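One structure is given here, and the rest of the page talks about it.
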Amino acid sequence: MTKNIVWKNLLGQQRAKEALGSAFTHGSLGHAYLFCGDAGLGKFQAAVELSMAILCEKGPDVPCYSCDSCVKIERNAHQDFHVIAPVTLEKEHKSSDGKLNQEGWQYLSQSMLEKINNPYAEGRFQGTASVPVEWVKEINHAVLRGAISAGMNVTIIDDVDALNKESANAMLKTLEEPPANTLLVLITSRPQSVLPTIISRCQLLRFGAVSEADIKDALKNRFGIALSPAADEAVRLCMGSPGRALSLCENSGNEDLHDSDRLLALCVANDWHGIGAFVDERAVRGSPEENEKLLIRLAYGVRNRFLSGIAGSTTYIDGLDSAYAGAYPASDCDSVERLIKACQDAITALRSYGNVSLVFVNFILTVMEIIHGK
């Protein structure tokens, strides 16, 4: 019986749906894929739905979400389905020799269950997140063992770029010589940070921005978020990322929306005293979500000024502060690219380290170099 994937929960991503769906229907799926794209686009959701379709016991339209296999995957209890993602371990999760104890293994299982059930939620870490090497070795053992109850053995590795050298090498051995009936789906928002030896062994599939209409519909009908000015702004600021829009909606209403403009104005004015006060203020009163929203809005302002500039307009979209006008020439593509990358890097650092002062100081030094050349 020929089976077809019905993408029930993946927003947008028509190109990815067609590529994976066609390969699945014709039995030509590769043994390893690397899903690339911005955070919150649905890469993990796509990996889970693909896994469910592969292991689903019914048909012809899969996954069915009702068979024993689908239910087990949603509970993170399927013997032939494995998920790895960075986590922040506490002392109680490790034994005296530094290895995972029983509580640590339970924590990993529970964390992955939450991730499966909330695939668009963006991870928040209070400390440096990592993937324990013994976890990778355990999954490797399960892959090499082969499928137990189904015809395929499927493994998802989220944020594969976060693997340390030892963990990456352990996974590389499996990628080099995977057993028959094995599928590995690797996911990253930073393909440039993935080892070239890993990339060379995978089929790359890029995920793009989701339309504002699709995101608005999902916020209202799937996530139960009432459409409002705050939700509209979240959709504008998210840059096509449903996960980021969801995060912004869940943490809206507390941030001064003009702080990003104020910070850029301080940088343009070379006002180090004001910058210092700003950083201290954010460290005291800004939550991780609020600080991330500030950086997203700043990146959005840079993008809008660039788009206005190339369109020959002298007005700025959404009435953004005139500070952007003094930061760099509107047509300076290099500065635009560097500023947006600085915002993205700072967001990633906030999620990983949690030290607001250090992240903002490093971010501001980068911005000052872009604006003033030093």
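Letters for chains follow the order of the structure tokens (A, B, ...), residue numbers begin at 1 for each chain, and ligand numbers begin at 1 in the order shown.
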| said: I need the residues in region 150-323 of chain A that are strand (DSSP E or B) according to DSSP; give them as an MDAnalysis selection string. | reply: chainID A and resid 153:157 182:188 203:206
Dump N, CA and C atoms for the selected residues as a PDB file, in the first residue's frame?
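What follows is the written file selection_25.pdb:
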ATOM      1  N   ASN A 153      14.308   2.777  12.067  1.00  0.00           N
ATOM      2  CA  ASN A 153      14.830   3.332  13.313  1.00  0.00           C
ATOM      3  C   ASN A 153      15.112   4.805  13.043  1.00  0.00           C
ATOM      4  N   VAL A 154      14.430   5.704  13.736  1.00  0.00           N
ATOM      5  CA  VAL A 154      14.500   7.126  13.424  1.00  0.00           C
ATOM      6  C   VAL A 154      15.075   7.909  14.604  1.00  0.00           C
ATOM      7  N   THR A 155      16.020   8.787  14.306  1.00  0.00           N
ATOM      8  CA  THR A 155      16.636   9.625  15.336  1.00  0.00           C
ATOM      9  C   THR A 155      16.617  11.085  14.901  1.00  0.00           C
ATOM     10  N   ILE A 156      16.200  11.968  15.801  1.00  0.00           N
ATOM     11  CA  ILE A 156      16.225  13.419  15.573  1.00  0.00           C
ATOM     12  C   ILE A 156      17.269  14.033  16.502  1.00  0.00           C
ATOM     13  N   ILE A 157      18.152  14.846  15.930  1.00  0.00           N
ATOM     14  CA  ILE A 157      19.142  15.570  16.739  1.00  0.00           C
ATOM     15  C   ILE A 157      18.932  17.052  16.507  1.00  0.00           C
ATOM     16  N   THR A 182      17.647   2.982   8.569  1.00  0.00           N
ATOM     17  CA  THR A 182      17.936   4.019   9.570  1.00  0.00           C
ATOM     18  C   THR A 182      17.713   5.395   8.960  1.00  0.00           C
ATOM     19  N   LEU A 183      17.078   6.285   9.722  1.00  0.00           N
ATOM     20  CA  LEU A 183      16.931   7.681   9.294  1.00  0.00           C
ATOM     21  C   LEU A 183      17.416   8.584  10.415  1.00  0.00           C
ATOM     22  N   LEU A 184      18.334   9.486  10.079  1.00  0.00           N
ATOM     23  CA  LEU A 184      18.833  10.482  11.015  1.00  0.00           C
ATOM     24  C   LEU A 184      18.429  11.855  10.500  1.00  0.00           C
ATOM     25  N   VAL A 185      17.731  12.628  11.321  1.00  0.00           N
ATOM     26  CA  VAL A 185      17.343  13.994  10.964  1.00  0.00           C
ATOM     27  C   VAL A 185      18.077  14.945  11.902  1.00  0.00           C
ATOM     28  N   LEU A 186      19.010  15.687  11.349  1.00  0.00           N
ATOM     29  CA  LEU A 186      19.782  16.663  12.111  1.00  0.00           C
ATOM     30  C   LEU A 186      19.191  18.050  11.853  1.00  0.00           C
ATOM     31  N   ILE A 187      19.141  18.879  12.878  1.00  0.00           N
ATOM     32  CA  ILE A 187      18.492  20.184  12.788  1.00  0.00           C
ATOM     33  C   ILE A 187      19.450  21.263  13.290  1.00  0.00           C
ATOM     34  N   THR A 188      19.492  22.388  12.576  1.00  0.00           N
ATOM     35  CA  THR A 188      20.343  23.484  13.021  1.00  0.00           C
ATOM     36  C   THR A 188      19.806  24.828  12.528  1.00  0.00           C
ATOM     37  N   GLN A 203      21.720  15.105   3.402  1.00  0.00           N
ATOM     38  CA  GLN A 203      20.998  15.878   2.396  1.00  0.00           C
ATOM     39  C   GLN A 203      20.462  17.141   3.069  1.00  0.00           C
ATOM     40  N   LEU A 204      20.795  18.304   2.517  1.00  0.00           N
ATOM     41  CA  LEU A 204      20.378  19.573   3.107  1.00  0.00           C
ATOM     42  C   LEU A 204      18.966  19.937   2.654  1.00  0.00           C
ATOM     43  N   LEU A 205      18.166  20.384   3.606  1.00  0.00           N
ATOM     44  CA  LEU A 205      16.815  20.861   3.306  1.00  0.00           C
ATOM     45  C   LEU A 205      16.614  22.171   4.058  1.00  0.00           C
ATOM     46  N   ARG A 206      16.410  23.241   3.313  1.00  0.00           N
ATOM     47  CA  ARG A 206      16.302  24.566   3.924  1.00  0.00           C
ATOM     48  C   ARG A 206      14.841  24.941   4.171  1.00  0.00           C
TER      49      ARG A 206
END
| request: Record the distance separating CA of Cys56 (chain A) and CA of Ser69 (chain A), expressed in Å with one decimal. | output: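 Taking CA of Cys56 (chain A) and CA of Ser69 (chain A), their separation equals 5.7 Å.
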| Residues at most 12 Å from region 20-24 of chain A, counting only C-alpha atoms, excluding those fewer than 3 positions away in the same chain, as a ChimeraX atom specification? | /A:2-7,13-17,27-31,33,35,46-47,49-55,61-63,183,185,203-206
| said: So that I can check the surroundings of Asp280 (chain A), please list as a list in words every protein, DNA and RNA residue that reaches within 10 Å of it, counting only C-alpha atoms and ignoring chain neighbours fewer than 5 positions away. | reply: Gly274, Ile275, Arg285, Gly286, Val356, Ser357 and Phe360 of chain A
| field | Spatial neighbours of His78 (chain A), 9 Å, only C-alpha atoms, chain gap at least 5 places, as a ChimeraX atom specification | value | /A:69-73,149
Keeping only C-alpha atoms, write the selected residues to a file as a PDB file, in the first residue's frame.
ATOM      1  CA  SER A  69       3.039   3.866  17.128  1.00  0.00           C
ATOM      2  CA  CYS A  70       1.826   7.470  16.775  1.00  0.00           C
ATOM      3  CA  VAL A  71       0.653   7.564  20.390  1.00  0.00           C
ATOM      4  CA  LYS A  72       4.002   6.213  21.619  1.00  0.00           C
ATOM      5  CA  ILE A  73       5.929   8.844  19.668  1.00  0.00           C
ATOM      6  CA  SER A 149       9.129  -3.066  16.684  1.00  0.00           C
TER       7      SER A 149
END
